[in-house]
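Enquirer: My structure file work.pdb, PDB, C-alpha atoms, pLDDT in the B column, is below:
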ATOM      1  CA  GLY N  27       0.000   0.000   0.000  1.00 62.00           C
ATOM      2  CA  CYS N  28       2.758   2.436   0.917  1.00 75.00           C
ATOM      3  CA  LEU N  29       4.593   1.608  -2.319  1.00 71.00           C
ATOM      4  CA  PHE N  30       1.461   2.328  -4.369  1.00 68.00           C
ATOM      5  CA  ILE N  31       0.852   5.657  -2.608  1.00 75.00           C
ATOM      6  CA  SER N  32       4.472   6.732  -2.960  1.00 77.00           C
ATOM      7  CA  THR N  33       4.449   5.791  -6.650  1.00 77.00           C
ATOM      8  CA  MET N  34       1.232   7.741  -7.220  1.00 75.00           C
ATOM      9  CA  VAL N  35       2.576  10.797  -5.391  1.00 79.00           C
ATOM     10  CA  TRP N  36       5.844  10.584  -7.305  1.00 78.00           C
ATOM     11  CA  SER N  37       3.992  10.406 -10.656  1.00 78.00           C
ATOM     12  CA  VAL N  38       1.930  13.480  -9.717  1.00 77.00           C
ATOM     13  CA  VAL N  39       5.099  15.367  -8.766  1.00 82.00           C
ATOM     14  CA  LYS N  40       6.748  14.403 -12.069  1.00 80.00           C
ATOM     15  CA  ASN N  41       3.649  15.466 -14.019  1.00 77.00           C
ATOM     16  CA  VAL N  42       3.615  18.823 -12.244  1.00 79.00           C
ATOM     17  CA  GLN N  43       7.329  19.304 -12.927  1.00 79.00           C
ATOM     18  CA  GLN N  44       6.863  18.445 -16.594  1.00 76.00           C
ATOM     19  CA  GLY N  45       3.777  20.679 -16.775  1.00 74.00           C
ATOM     20  CA  LEU N  46       5.689  23.616 -15.279  1.00 78.00           C
ATOM     21  CA  LYS N  47       8.451  23.132 -17.827  1.00 77.00           C
ATOM     22  CA  PHE N  48       6.100  22.606 -20.782  1.00 72.00           C
ATOM     23  CA  ARG N  49       3.666  25.423 -19.882  1.00 72.00           C
ATOM     24  CA  GLY N  50       6.269  28.039 -19.107  1.00 75.00           C
ATOM     25  CA  GLY N  51       6.000  28.332 -15.356  1.00 80.00           C
ATOM     26  CA  VAL N  52       3.375  28.447 -12.627  1.00 82.00           C
ATOM     27  CA  TRP N  53       1.143  31.073 -14.252  1.00 80.00           C
ATOM     28  CA  GLY N  54       1.042  29.220 -17.581  1.00 75.00           C
ATOM     29  CA  LEU N  55       0.237  25.955 -15.822  1.00 75.00           C
ATOM     30  CA  LEU N  56      -2.567  27.508 -13.743  1.00 76.00           C
ATOM     31  CA  HIS N  57      -3.976  29.238 -16.811  1.00 74.00           C
ATOM     32  CA  HIS N  58      -4.119  25.957 -18.731  1.00 72.00           C
ATOM     33  CA  MET N  59      -5.623  24.166 -15.746  1.00 72.00           C
ATOM     34  CA  TYR N  60      -8.376  26.777 -15.546  1.00 70.00           C
ATOM     35  CA  THR N  61      -9.177  26.786 -19.270  1.00 66.00           C
ATOM     36  CA  ASN N  62      -8.293  23.299 -20.523  1.00 62.00           C
ATOM     37  CA  GLY N  63      -9.015  21.019 -17.591  1.00 59.00           C
ATOM     38  CA  ASP N  64      -6.678  18.016 -17.676  1.00 57.00           C
ATOM     39  CA  TYR N  65      -4.822  19.137 -20.830  1.00 60.00           C
ATOM     40  CA  PRO N  66      -1.997  20.790 -18.882  1.00 60.00           C
ATOM     41  CA  PHE N  67      -0.962  17.315 -17.752  1.00 71.00           C
ATOM     42  CA  LYS N  68      -1.456  15.598 -21.120  1.00 76.00           C
ATOM     43  CA  PHE N  69       1.718  15.222 -23.116  1.00 79.00           C
ATOM     44  CA  GLY N  70       2.094  13.819 -26.588  1.00 82.00           C
ATOM     45  CA  THR N  71       3.619  14.260 -30.014  1.00 87.00           C
ATOM     46  CA  PHE N  72       2.998  17.601 -31.669  1.00 88.00           C
ATOM     47  CA  MET N  73       1.244  16.836 -34.995  1.00 90.00           C
ATOM     48  CA  GLY N  74       0.804  20.332 -36.358  1.00 90.00           C
ATOM     49  CA  ALA N  75      -1.127  23.596 -36.064  1.00 89.00           C
ATOM     50  CA  ASP N  76      -3.827  25.358 -38.064  1.00 85.00           C
ATOM     51  CA  GLY N  77      -4.174  28.945 -39.230  1.00 79.00           C
ATOM     52  CA  ALA N  78      -5.856  29.990 -35.969  1.00 80.00           C
ATOM     53  CA  GLY N  79      -2.919  28.825 -33.851  1.00 84.00           C
ATOM     54  CA  ASN N  80      -4.626  25.689 -32.488  1.00 87.00           C
ATOM     55  CA  ARG N  81      -2.040  23.006 -31.714  1.00 87.00           C
ATOM     56  CA  TYR N  82      -2.787  19.306 -32.166  1.00 91.00           C
ATOM     57  CA  TYR N  83      -1.216  16.406 -30.256  1.00 90.00           C
ATOM     58  CA  GLU N  84      -1.331  12.618 -30.289  1.00 91.00           C
ATOM     59  CA  ASN N  85      -0.306   9.975 -27.729  1.00 89.00           C
ATOM     60  CA  LYS N  86      -1.248   6.378 -28.538  1.00 89.00           C
ATOM     61  CA  VAL N  87       0.789   4.899 -25.667  1.00 88.00           C
ATOM     62  CA  ASP N  88      -0.528   6.525 -22.505  1.00 84.00           C
ATOM     63  CA  TYR N  89      -4.159   7.149 -23.462  1.00 85.00           C
ATOM     64  CA  PRO N  90      -6.952   4.879 -24.776  1.00 87.00           C
ATOM     65  CA  PHE N  91      -8.479   5.202 -28.218  1.00 89.00           C
ATOM     66  CA  GLY N  92     -10.768   8.229 -28.346  1.00 85.00           C
ATOM     67  CA  GLN N  93      -8.572  10.181 -25.923  1.00 85.00           C
ATOM     68  CA  HIS N  94      -5.308   9.812 -27.779  1.00 89.00           C
ATOM     69  CA  ARG N  95      -5.781  12.945 -29.896  1.00 90.00           C
ATOM     70  CA  TRP N  96      -6.517  16.403 -28.602  1.00 88.00           C
ATOM     71  CA  VAL N  97      -6.221  20.089 -29.409  1.00 88.00           C
ATOM     72  CA  GLU N  98      -4.836  22.963 -27.387  1.00 84.00           C
ATOM     73  CA  PRO N  99      -6.594  26.199 -28.455  1.00 83.00           C
ATOM     74  CA  GLY N 100      -4.627  29.097 -29.838  1.00 80.00           C
ATOM     75  CA  ASP N 101      -7.036  31.475 -28.072  1.00 76.00           C
ATOM     76  CA  MET N 102      -8.128  29.721 -24.910  1.00 73.00           C
ATOM     77  CA  ASN N 103     -10.563  32.489 -23.973  1.00 70.00           C
ATOM     78  CA  ASN N 104     -12.443  32.356 -27.283  1.00 69.00           C
ATOM     79  CA  PHE N 105     -12.691  28.740 -28.390  1.00 75.00           C
ATOM     80  CA  ASP N 106     -15.365  26.163 -29.142  1.00 73.00           C
ATOM     81  CA  SER N 107     -15.649  23.050 -31.295  1.00 77.00           C
ATOM     82  CA  SER N 108     -16.407  25.086 -34.426  1.00 76.00           C
ATOM     83  CA  SER N 109     -12.953  26.661 -34.120  1.00 80.00           C
ATOM     84  CA  ILE N 110     -11.434  23.411 -35.425  1.00 85.00           C
ATOM     85  CA  PRO N 111     -11.166  23.481 -39.245  1.00 83.00           C
ATOM     86  CA  PRO N 112     -12.667  20.574 -41.241  1.00 82.00           C
ATOM     87  CA  GLU N 113      -9.347  19.006 -42.206  1.00 83.00           C
ATOM     88  CA  TRP N 114      -8.215  18.789 -38.574  1.00 89.00           C
ATOM     89  CA  HIS N 115     -11.668  17.726 -37.372  1.00 89.00           C
ATOM     90  CA  GLY N 116     -11.460  14.650 -39.598  1.00 89.00           C
ATOM     91  CA  TRP N 117      -8.164  13.733 -37.964  1.00 90.00           C
ATOM     92  CA  MET N 118      -9.413  14.454 -34.432  1.00 91.00           C
ATOM     93  CA  VAL N 119     -12.303  11.984 -34.748  1.00 91.00           C
ATOM     94  CA  SER N 120     -10.028   9.367 -36.387  1.00 90.00           C
ATOM     95  CA  MET N 121     -11.629   9.617 -39.815  1.00 88.00           C
ATOM     96  CA  ASN N 122      -8.144  10.210 -41.228  1.00 84.00           C
ATOM     97  CA  ASP N 123      -4.978   8.395 -40.304  1.00 83.00           C
ATOM     98  CA  ALA N 124      -2.658  11.198 -41.407  1.00 83.00           C
ATOM     99  CA  ALA N 125      -2.714  14.671 -39.927  1.00 87.00           C
ATOM    100  CA  PRO N 126      -3.171  17.493 -42.456  1.00 84.00           C
ATOM    101  CA  ALA N 127       0.412  18.590 -41.856  1.00 79.00           C
ATOM    102  CA  THR N 128       1.676  15.176 -43.034  1.00 80.00           C
ATOM    103  CA  GLU N 129      -1.005  14.200 -45.573  1.00 77.00           C
ATOM    104  CA  ASP N 130       1.237  14.972 -48.555  1.00 77.00           C
ATOM    105  CA  GLU N 131       3.818  12.466 -47.333  1.00 81.00           C
ATOM    106  CA  PHE N 132       1.033   9.991 -46.518  1.00 79.00           C
ATOM    107  CA  ILE N 133      -0.460  10.266 -50.012  1.00 78.00           C
ATOM    108  CA  ALA N 134       2.986   9.936 -51.614  1.00 81.00           C
ATOM    109  CA  ASP N 135       3.571   6.750 -49.612  1.00 83.00           C
ATOM    110  CA  ARG N 136       0.179   5.234 -50.452  1.00 79.00           C
ATOM    111  CA  LYS N 137       0.510   6.020 -54.168  1.00 79.00           C
ATOM    112  CA  GLN N 138       3.277   3.461 -54.352  1.00 81.00           C
ATOM    113  CA  HIS N 139       0.660   0.765 -53.687  1.00 80.00           C
ATOM    114  CA  PHE N 140      -1.990   2.018 -56.128  1.00 77.00           C
ATOM    115  CA  VAL N 141      -2.985  -0.329 -58.948  1.00 77.00           C
ATOM    116  CA  GLU N 142      -4.032   1.720 -61.972  1.00 75.00           C
ATOM    117  CA  MET N 143      -7.176   0.073 -63.351  1.00 78.00           C
ATOM    118  CA  GLU N 144      -7.726   2.513 -66.215  1.00 77.00           C
ATOM    119  CA  HIS N 145      -5.909   5.435 -67.783  1.00 78.00           C
ATOM    120  CA  SER N 146      -7.015   8.890 -66.647  1.00 76.00           C
ATOM    121  CA  ASP N 147      -6.332  12.295 -68.167  1.00 78.00           C
ATOM    122  CA  ALA N 148      -6.977  14.092 -64.871  1.00 73.00           C
ATOM    123  CA  ASN N 149      -4.326  16.546 -63.765  1.00 75.00           C
ATOM    124  CA  VAL N 150      -4.004  14.823 -60.359  1.00 73.00           C
ATOM    125  CA  ASP N 151      -2.682  11.357 -59.621  1.00 73.00           C
ATOM    126  CA  HIS N 152      -4.471  10.603 -56.354  1.00 70.00           C
ATOM    127  CA  ASN N 153      -8.002  10.287 -55.037  1.00 66.00           C
ATOM    128  CA  VAL N 154      -8.044  13.602 -53.162  1.00 66.00           C
ATOM    129  CA  GLY N 155      -8.433  15.549 -56.395  1.00 66.00           C
ATOM    130  CA  HIS N 156      -8.188  19.259 -57.005  1.00 68.00           C
ATOM    131  CA  THR N 157      -8.077  21.519 -53.957  1.00 66.00           C
ATOM    132  CA  GLU N 158      -8.124  25.305 -53.843  1.00 65.00           C
ATOM    133  CA  PRO N 159      -5.553  27.262 -51.811  1.00 65.00           C
ATOM    134  CA  PHE N 160      -6.823  27.763 -48.274  1.00 62.00           C
ATOM    135  CA  PHE N 161      -7.051  31.294 -46.882  1.00 60.00           C
ATOM    136  CA  ASN N 162      -7.673  31.630 -43.155  1.00 60.00           C
ATOM    137  CA  PHE N 163      -8.552  34.901 -41.437  1.00 61.00           C
ATOM    138  CA  HIS N 164      -8.987  35.031 -37.663  1.00 64.00           C
ATOM    139  CA  GLY N 165      -9.757  31.327 -37.408  1.00 65.00           C
ATOM    140  CA  MET N 166     -12.906  31.624 -39.546  1.00 67.00           C
ATOM    141  CA  HIS N 167     -13.361  28.467 -41.599  1.00 64.00           C
ATOM    142  CA  ASP N 168     -16.567  29.384 -43.456  1.00 62.00           C
ATOM    143  CA  GLN N 169     -14.885  30.428 -46.677  1.00 65.00           C
ATOM    144  CA  SER N 170     -18.068  31.981 -48.121  1.00 67.00           C
ATOM    145  CA  GLN N 171     -17.465  34.873 -45.696  1.00 65.00           C
ATOM    146  CA  MET N 172     -13.996  35.539 -47.098  1.00 73.00           C
ATOM    147  CA  ARG N 173     -15.071  37.904 -49.850  1.00 76.00           C
ATOM    148  CA  SER N 174     -14.494  41.556 -50.586  1.00 78.00           C
ATOM    149  CA  ARG N 175     -17.381  43.939 -49.936  1.00 79.00           C
ATOM    150  CA  GLY N 176     -16.384  46.261 -52.787  1.00 78.00           C
ATOM    151  CA  TYR N 177     -13.585  47.320 -55.111  1.00 79.00           C
ATOM    152  CA  GLY N 178     -10.473  48.267 -53.145  1.00 82.00           C
ATOM    153  CA  ILE N 179     -12.317  47.882 -49.828  1.00 84.00           C
ATOM    154  CA  GLY N 180     -11.731  44.309 -48.697  1.00 81.00           C
ATOM    155  CA  ASN N 181     -13.890  43.138 -45.837  1.00 78.00           C
ATOM    156  CA  PRO N 182     -13.252  44.814 -42.477  1.00 76.00           C
ATOM    157  CA  ILE N 183     -15.754  42.456 -40.805  1.00 69.00           C
ATOM    158  CA  VAL N 184     -13.409  39.491 -41.236  1.00 69.00           C
ATOM    159  CA  ASN N 185     -10.248  41.633 -41.523  1.00 73.00           C
ATOM    160  CA  LEU N 186      -9.796  40.794 -45.217  1.00 76.00           C
ATOM    161  CA  PRO N 187      -7.387  43.452 -46.522  1.00 82.00           C
ATOM    162  CA  PRO N 188      -8.039  45.268 -49.821  1.00 85.00           C
ATOM    163  CA  GLY N 189      -6.706  43.387 -52.809  1.00 81.00           C
ATOM    164  CA  ALA N 190      -6.576  40.012 -51.046  1.00 80.00           C
ATOM    165  CA  PRO N 191      -8.135  37.135 -53.009  1.00 77.00           C
ATOM    166  CA  ASN N 192     -11.513  35.793 -51.992  1.00 76.00           C
ATOM    167  CA  GLY N 193     -11.275  32.559 -50.033  1.00 73.00           C
ATOM    168  CA  TYR N 194     -14.150  30.637 -51.629  1.00 73.00           C
ATOM    169  CA  TYR N 195     -14.278  28.486 -54.761  1.00 74.00           C
ATOM    170  CA  THR N 196     -15.729  29.872 -57.991  1.00 79.00           C
ATOM    171  CA  GLN N 197     -16.465  27.691 -60.998  1.00 81.00           C
ATOM    172  CA  PRO N 198     -14.731  28.330 -64.329  1.00 80.00           C
ATOM    173  CA  GLY N 199     -16.782  30.782 -66.341  1.00 82.00           C
ATOM    174  CA  SER N 200     -18.149  32.559 -63.280  1.00 82.00           C
ATOM    175  CA  PRO N 201     -17.744  36.366 -63.433  1.00 80.00           C
ATOM    176  CA  TYR N 202     -16.149  36.095 -59.986  1.00 77.00           C
ATOM    177  CA  ASN N 203     -13.493  33.651 -61.203  1.00 81.00           C
ATOM    178  CA  PRO N 204     -10.161  35.489 -61.696  1.00 79.00           C
ATOM    179  CA  ALA N 205      -9.642  33.662 -65.013  1.00 82.00           C
ATOM    180  CA  SER N 206     -12.946  35.066 -66.334  1.00 82.00           C
ATOM    181  CA  ILE N 207     -12.187  38.707 -65.540  1.00 80.00           C
ATOM    182  CA  ARG N 208     -11.415  40.516 -68.804  1.00 80.00           C
ATOM    183  CA  LYS N 209      -8.393  42.763 -68.984  1.00 83.00           C
ATOM    184  CA  LEU N 210      -9.205  46.481 -69.105  1.00 84.00           C
ATOM    185  CA  GLU N 211      -8.633  47.730 -72.661  1.00 88.00           C
ATOM    186  CA  PHE N 212      -9.257  51.286 -73.916  1.00 89.00           C
ATOM    187  CA  ILE N 213     -10.543  52.000 -77.430  1.00 90.00           C
ATOM    188  CA  GLY N 214      -9.807  55.714 -77.498  1.00 90.00           C
ATOM    189  CA  ASP N 215      -9.010  58.921 -75.650  1.00 90.00           C
ATOM    190  CA  LEU N 216     -11.014  62.139 -75.645  1.00 87.00           C
ATOM    191  CA  ASP N 217      -7.802  64.155 -75.250  1.00 87.00           C
ATOM    192  CA  GLU N 218      -5.766  62.178 -77.766  1.00 85.00           C
ATOM    193  CA  ALA N 219      -4.926  65.329 -79.737  1.00 84.00           C
ATOM    194  CA  SER N 220      -3.365  66.955 -76.682  1.00 85.00           C
ATOM    195  CA  GLY N 221      -1.469  63.925 -75.428  1.00 83.00           C
ATOM    196  CA  GLY N 222      -4.251  61.945 -73.720  1.00 81.00           C
ATOM    197  CA  GLY N 223      -5.787  62.031 -70.276  1.00 86.00           C
ATOM    198  CA  ARG N 224      -9.363  60.785 -70.651  1.00 89.00           C
ATOM    199  CA  PRO N 225      -9.256  57.252 -72.036  1.00 91.00           C
ATOM    200  CA  TYR N 226     -12.478  55.308 -72.517  1.00 90.00           C
ATOM    201  CA  LYS N 227     -13.298  51.649 -73.106  1.00 89.00           C
ATOM    202  CA  SER N 228     -16.722  52.150 -74.713  1.00 90.00           C
ATOM    203  CA  LEU N 229     -18.796  54.895 -76.329  1.00 88.00           C
ATOM    204  CA  LYS N 230     -21.036  54.980 -73.273  1.00 90.00           C
ATOM    205  CA  TRP N 231     -17.978  55.567 -71.082  1.00 88.00           C
ATOM    206  CA  ALA N 232     -16.841  58.340 -73.457  1.00 89.00           C
ATOM    207  CA  ASP N 233     -20.236  60.022 -73.155  1.00 89.00           C
ATOM    208  CA  ARG N 234     -19.918  60.030 -69.362  1.00 89.00           C
ATOM    209  CA  LEU N 235     -16.476  61.640 -69.540  1.00 90.00           C
ATOM    210  CA  GLN N 236     -17.572  64.524 -71.772  1.00 89.00           C
ATOM    211  CA  THR N 237     -18.335  67.961 -70.383  1.00 90.00           C
ATOM    212  CA  ALA N 238     -21.663  69.711 -70.973  1.00 91.00           C
ATOM    213  CA  ASP N 239     -20.131  71.956 -73.685  1.00 91.00           C
ATOM    214  CA  GLU N 240     -18.624  68.937 -75.452  1.00 89.00           C
ATOM    215  CA  LYS N 241     -21.948  67.146 -75.404  1.00 90.00           C
ATOM    216  CA  ALA N 242     -23.719  70.229 -76.795  1.00 92.00           C
ATOM    217  CA  ALA N 243     -21.130  70.544 -79.573  1.00 90.00           C
ATOM    218  CA  ASN N 244     -21.499  66.868 -80.421  1.00 89.00           C
ATOM    219  CA  LEU N 245     -25.289  67.203 -80.572  1.00 90.00           C
ATOM    220  CA  ALA N 246     -24.981  70.219 -82.873  1.00 92.00           C
ATOM    221  CA  ALA N 247     -22.556  68.372 -85.134  1.00 91.00           C
ATOM    222  CA  LYS N 248     -24.854  65.351 -85.169  1.00 90.00           C
ATOM    223  CA  ALA N 249     -27.804  67.571 -86.139  1.00 91.00           C
ATOM    224  CA  VAL N 250     -25.800  68.977 -89.075  1.00 90.00           C
ATOM    225  CA  ASP N 251     -24.798  65.466 -90.180  1.00 89.00           C
ATOM    226  CA  ASP N 252     -28.418  64.282 -89.910  1.00 87.00           C
ATOM    227  CA  LYS N 253     -29.596  67.243 -92.005  1.00 89.00           C
ATOM    228  CA  LYS N 254     -26.997  66.503 -94.682  1.00 89.00           C
ATOM    229  CA  MET N 255     -27.929  62.837 -94.705  1.00 89.00           C
ATOM    230  CA  MET N 256     -31.641  63.677 -94.994  1.00 88.00           C
ATOM    231  CA  SER N 257     -30.952  66.096 -97.853  1.00 88.00           C
ATOM    232  CA  SER N 258     -28.908  63.449 -99.615  1.00 86.00           C
ATOM    233  CA  PHE N 259     -31.689  60.912 -99.127  1.00 83.00           C
ATOM    234  CA  GLN N 260     -34.342  63.311-100.451  1.00 84.00           C
ATOM    235  CA  GLN N 261     -32.200  64.113-103.488  1.00 82.00           C
ATOM    236  CA  GLU N 262     -31.773  60.385-104.158  1.00 85.00           C
ATOM    237  CA  VAL N 263     -35.550  59.926-104.034  1.00 82.00           C
ATOM    238  CA  LEU N 264     -36.080  62.785-106.493  1.00 81.00           C
ATOM    239  CA  ASN N 265     -33.488  61.301-108.852  1.00 82.00           C
ATOM    240  CA  ARG N 266     -35.213  57.920-108.791  1.00 82.00           C
ATOM    241  CA  GLN N 267     -38.604  59.520-109.495  1.00 79.00           C
ATOM    242  CA  ALA N 268     -37.146  61.446-112.458  1.00 78.00           C
ATOM    243  CA  ALA N 269     -35.552  58.278-113.826  1.00 78.00           C
ATOM    244  CA  ALA N 270     -38.870  56.448-113.532  1.00 76.00           C
ATOM    245  CA  ARG N 271     -40.700  59.223-115.480  1.00 74.00           C
ATOM    246  CA  GLY N 272     -38.069  59.109-118.175  1.00 71.00           C
ATOM    247  CA  ARG N 273     -38.580  55.390-118.764  1.00 69.00           C
ATOM    248  CA  GLY N 274     -42.371  55.758-118.934  1.00 62.00           C
ATOM    249  CA  ARG N 275     -44.898  53.817-116.956  1.00 56.00           C
ATOM    250  CA  GLY N 276     -45.001  50.786-119.197  1.00 54.00           C
ATOM    251  CA  THR N 277     -47.781  49.309-121.364  1.00 53.00           C
ATOM    252  CA  VAL N 278     -51.190  48.740-119.886  1.00 51.00           C
ATOM    253  CA  VAL N 279     -52.756  45.505-121.261  1.00 55.00           C
ATOM    254  CA  GLY N 280     -56.327  45.802-122.596  1.00 54.00           C
ATOM    255  CA  LYS N 281     -56.274  49.477-123.409  1.00 48.00           C
TER     256      LYS N 281
END
Would you mind writing the structure in this file as structure tokens?
Expert:
Amino acid sequence: GCLFISTMVWSVVKNVQQGLKFRGGVWGLLHHMYTNGDYPFKFGTFMGADGAGNRYYENKVDYPFGQHRWVEPGDMNNFDSSSIPPEWHGWMVSMNDAAPATEDEFIADRKQHFVEMEHSDANVDHNVGHTEPFFNFHGMHDQSQMRSRGYGIGNPIVNLPPGAPNGYYTQPGSPYNPASIRKLEFIGDLDEASGGGRPYKSLKWADRLQTADEKAANLAAKAVDDKKMMSSFQQEVLNRQAAARGRGRGTVVGK
């Protein structure tokens, strides 16, 4: 009995010593005890971290299945289960054998055992398929929120800076897909004679750039052109009528 008690006390002392060393002193240990429960005294292999600073550990020797993987929050005062991103959640619940930080090596190892049943022209050589680059802002994993609220504005709600790419997938052909955005090309310049300064990409854009005097002058010039065109059309009609009279009106049958 005494041996068991002494062994238990000695293990607690060693755990506290290791916790003090691992947590950075008494205050760090007490803080983790208050926020994480028994995690301050759980020690394992560091498997990686996510964009929010959450750190993931694994220990298959000292803990039973279901307790052998755990996470230590990056922000212990603002954390819940939704703070774990999907790729790490799959590893936490043992859906995946490889942690996201080591999945590339895991896939490379498993590809050596693949048996190719049929040729494929896909641009990937594994079952994971195409994946978009992952952008993480303030631990928010709902990528539909990672979008700009306007040109050159970004999204201050999720701290997305101006000019940063949106963090959600867009299909090819979508006007929001970067590959579908047409390059800005100008077709003229209102000040081309004086060296340029008011380029435009369409006639509607040119109309918006014109001053009131320029618009009035253009309307007057258009009225003159319309009058000339109408006069030319009327003269052409008169010429056709004269040519028709010169040829006669033809022979009327029965008279």
Enquirer: Counting all atoms listed in the file, which of N:Ala232, N:Val141, N:Val39, N:Ala78 gets nearest to Gly100 of chain N?
Expert: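 That would be N:Ala78, the residue with the smallest distance to Gly100 of chain N.
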Enquirer: Excluding same-chain residues fewer than 4 positions from Asn80 of chain N, what lies within 10 Å of it counting all atoms listed in the file, as a list in words?
Expert: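 Everything that qualifies: Gly74, Ala75, Asp76, Val97, Glu98, Pro99, Gly100, Asp101, Met102, Phe105, Ser109, Ile110, Pro111, Trp114 and Gly165 of chain N.
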Enquirer: Between N:Ser228, N:Asp217, N:Met172, N:His94, which residue has the minimum interatomic distance to Glu240 of chain N, considering all atoms listed in the file?
Expert: N:Asp217
Enquirer: Could you give me, as a PyMOL selection string, the residues within 7 Å of Arg95 of chain N, counting all atoms listed in the file and dropping anything in the same chain fewer than 5 positions from it?
Expert: chain N and resi 83-85+118
Enquirer: Would you mind reading off the distance between atom CA of Gly180 of chain N and atom CA of Gly193 of chain N, one decimal, in Å?
Expert: 11.8 Å
Enquirer: Quick one: which residues end up in the PyMOL selection byres ((chain N and resi 86) around 12) for this structure, as JSON, numbers by chain?
Expert: {"N": [68, 69, 70, 71, 83, 84, 85, 87, 88, 89, 90, 91, 92, 93, 94, 95, 96]}
Enquirer: Between atom CA of Ser107 of chain N and atom CA of Gly79 of chain N, what is the distance, to one decimal in Å?
Expert: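 Here the two named atoms are 14.2 Å from each other.
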Enquirer: Quick one: distance from atom CA of Glu131 of chain N to atom CA of Gly116 of chain N in Å, one decimal?
Expert: 17.3 Å
Enquirer: So, counting all atoms listed in the file, which residue among N:Asn244, N:Gly189, N:Ser258, N:Leu46 is closest to His58 of chain N?
Expert: N:Leu46
Enquirer: For Ile213 of chain N, list every protein, DNA or RNA residue within 8 Å, evaluated using only C-alpha atoms, and leave out those in the same chain fewer than 3 positions away; present the list as a PyMOL selection string.
Expert: chain N and resi 225-228
Enquirer: Can you pull out the residues contacting Asp123 of chain N? Cut-off 9 Å, using all atoms listed in the file, and skip same-chain residues under 4 positions away; I want them as a PyMOL selection string.
Expert: chain N and resi 117+129+132
Enquirer: Would you export the selected residues with C-alpha atoms as a PDB file, in the coordinates of the input, please?
Expert:
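Done, and the output landed in out.pdb:
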ATOM      1  CA  TRP N 117      -8.164  13.733 -37.964  1.00 90.00           C
ATOM      2  CA  GLU N 129      -1.005  14.200 -45.573  1.00 77.00           C
ATOM      3  CA  PHE N 132       1.033   9.991 -46.518  1.00 79.00           C
TER       4      PHE N 132
END
Enquirer: Hey, which of N:Gly223, N:Pro204, N:Gly51, N:Pro188 ends up closest to Leu235 of chain N? Count all atoms listed in the file.
Expert: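 Checking each of N:Gly223, N:Pro204, N:Gly51, N:Pro188 against Leu235 of chain N, counting all atoms listed in the file, the winner is N:Gly223.
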Enquirer: I'd like the contact shell of Arg173 of chain N - 8 Å cut-off, only C-alpha atoms, skipping same-chain residues fewer than 3 positions apart - returned as a ChimeraX atom specification.
Expert: /N:170,180-181,186,191-194
Enquirer: Let me see the file: selected residues, C-alpha atoms, as a PDB file, in the coordinates of the input.
Expert:
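Here's the written file selection_25.pdb:
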ATOM      1  CA  SER N 170     -18.068  31.981 -48.121  1.00 67.00           C
ATOM      2  CA  GLY N 180     -11.731  44.309 -48.697  1.00 81.00           C
ATOM      3  CA  ASN N 181     -13.890  43.138 -45.837  1.00 78.00           C
ATOM      4  CA  LEU N 186      -9.796  40.794 -45.217  1.00 76.00           C
ATOM      5  CA  PRO N 191      -8.135  37.135 -53.009  1.00 77.00           C
ATOM      6  CA  ASN N 192     -11.513  35.793 -51.992  1.00 76.00           C
ATOM      7  CA  GLY N 193     -11.275  32.559 -50.033  1.00 73.00           C
ATOM      8  CA  TYR N 194     -14.150  30.637 -51.629  1.00 73.00           C
TER       9      TYR N 194
END
Enquirer: N, CA and C atoms for segment 116-126 of chain N, written as a compact mmCIF listing (two decimals), in the frame of the given file, could you do that?
Expert:
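Output (selection25.txt):
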# COMPACT_ATOMS: atom_id res chain seq x y z
N GLY N 116 -11.49 16.02 -39.12
CA GLY N 116 -11.46 14.65 -39.60
C GLY N 116 -10.37 13.83 -38.93
N TRP N 117 -9.25 14.45 -38.65
CA TRP N 117 -8.16 13.73 -37.96
C TRP N 117 -8.49 13.54 -36.48
N MET N 118 -9.10 14.53 -35.85
CA MET N 118 -9.41 14.45 -34.43
C MET N 118 -10.35 13.30 -34.11
N VAL N 119 -11.32 13.05 -34.99
CA VAL N 119 -12.30 11.98 -34.75
C VAL N 119 -11.89 10.68 -35.42
N SER N 120 -10.63 10.59 -35.83
CA SER N 120 -10.03 9.37 -36.39
C SER N 120 -10.65 8.96 -37.72
N MET N 121 -11.21 9.91 -38.45
CA MET N 121 -11.63 9.62 -39.82
C MET N 121 -10.42 9.49 -40.74
N ASN N 122 -9.36 10.22 -40.43
CA ASN N 122 -8.14 10.21 -41.23
C ASN N 122 -6.99 9.69 -40.38
N ASP N 123 -6.16 8.90 -41.01
CA ASP N 123 -4.98 8.40 -40.30
C ASP N 123 -3.87 9.44 -40.25
N ALA N 124 -3.74 10.22 -41.32
CA ALA N 124 -2.66 11.20 -41.41
C ALA N 124 -3.17 12.57 -41.03
N ALA N 125 -2.38 13.29 -40.26
CA ALA N 125 -2.71 14.67 -39.93
C ALA N 125 -2.55 15.54 -41.16
N PRO N 126 -3.30 16.64 -41.27
CA PRO N 126 -3.17 17.49 -42.46
C PRO N 126 -1.74 17.96 -42.72
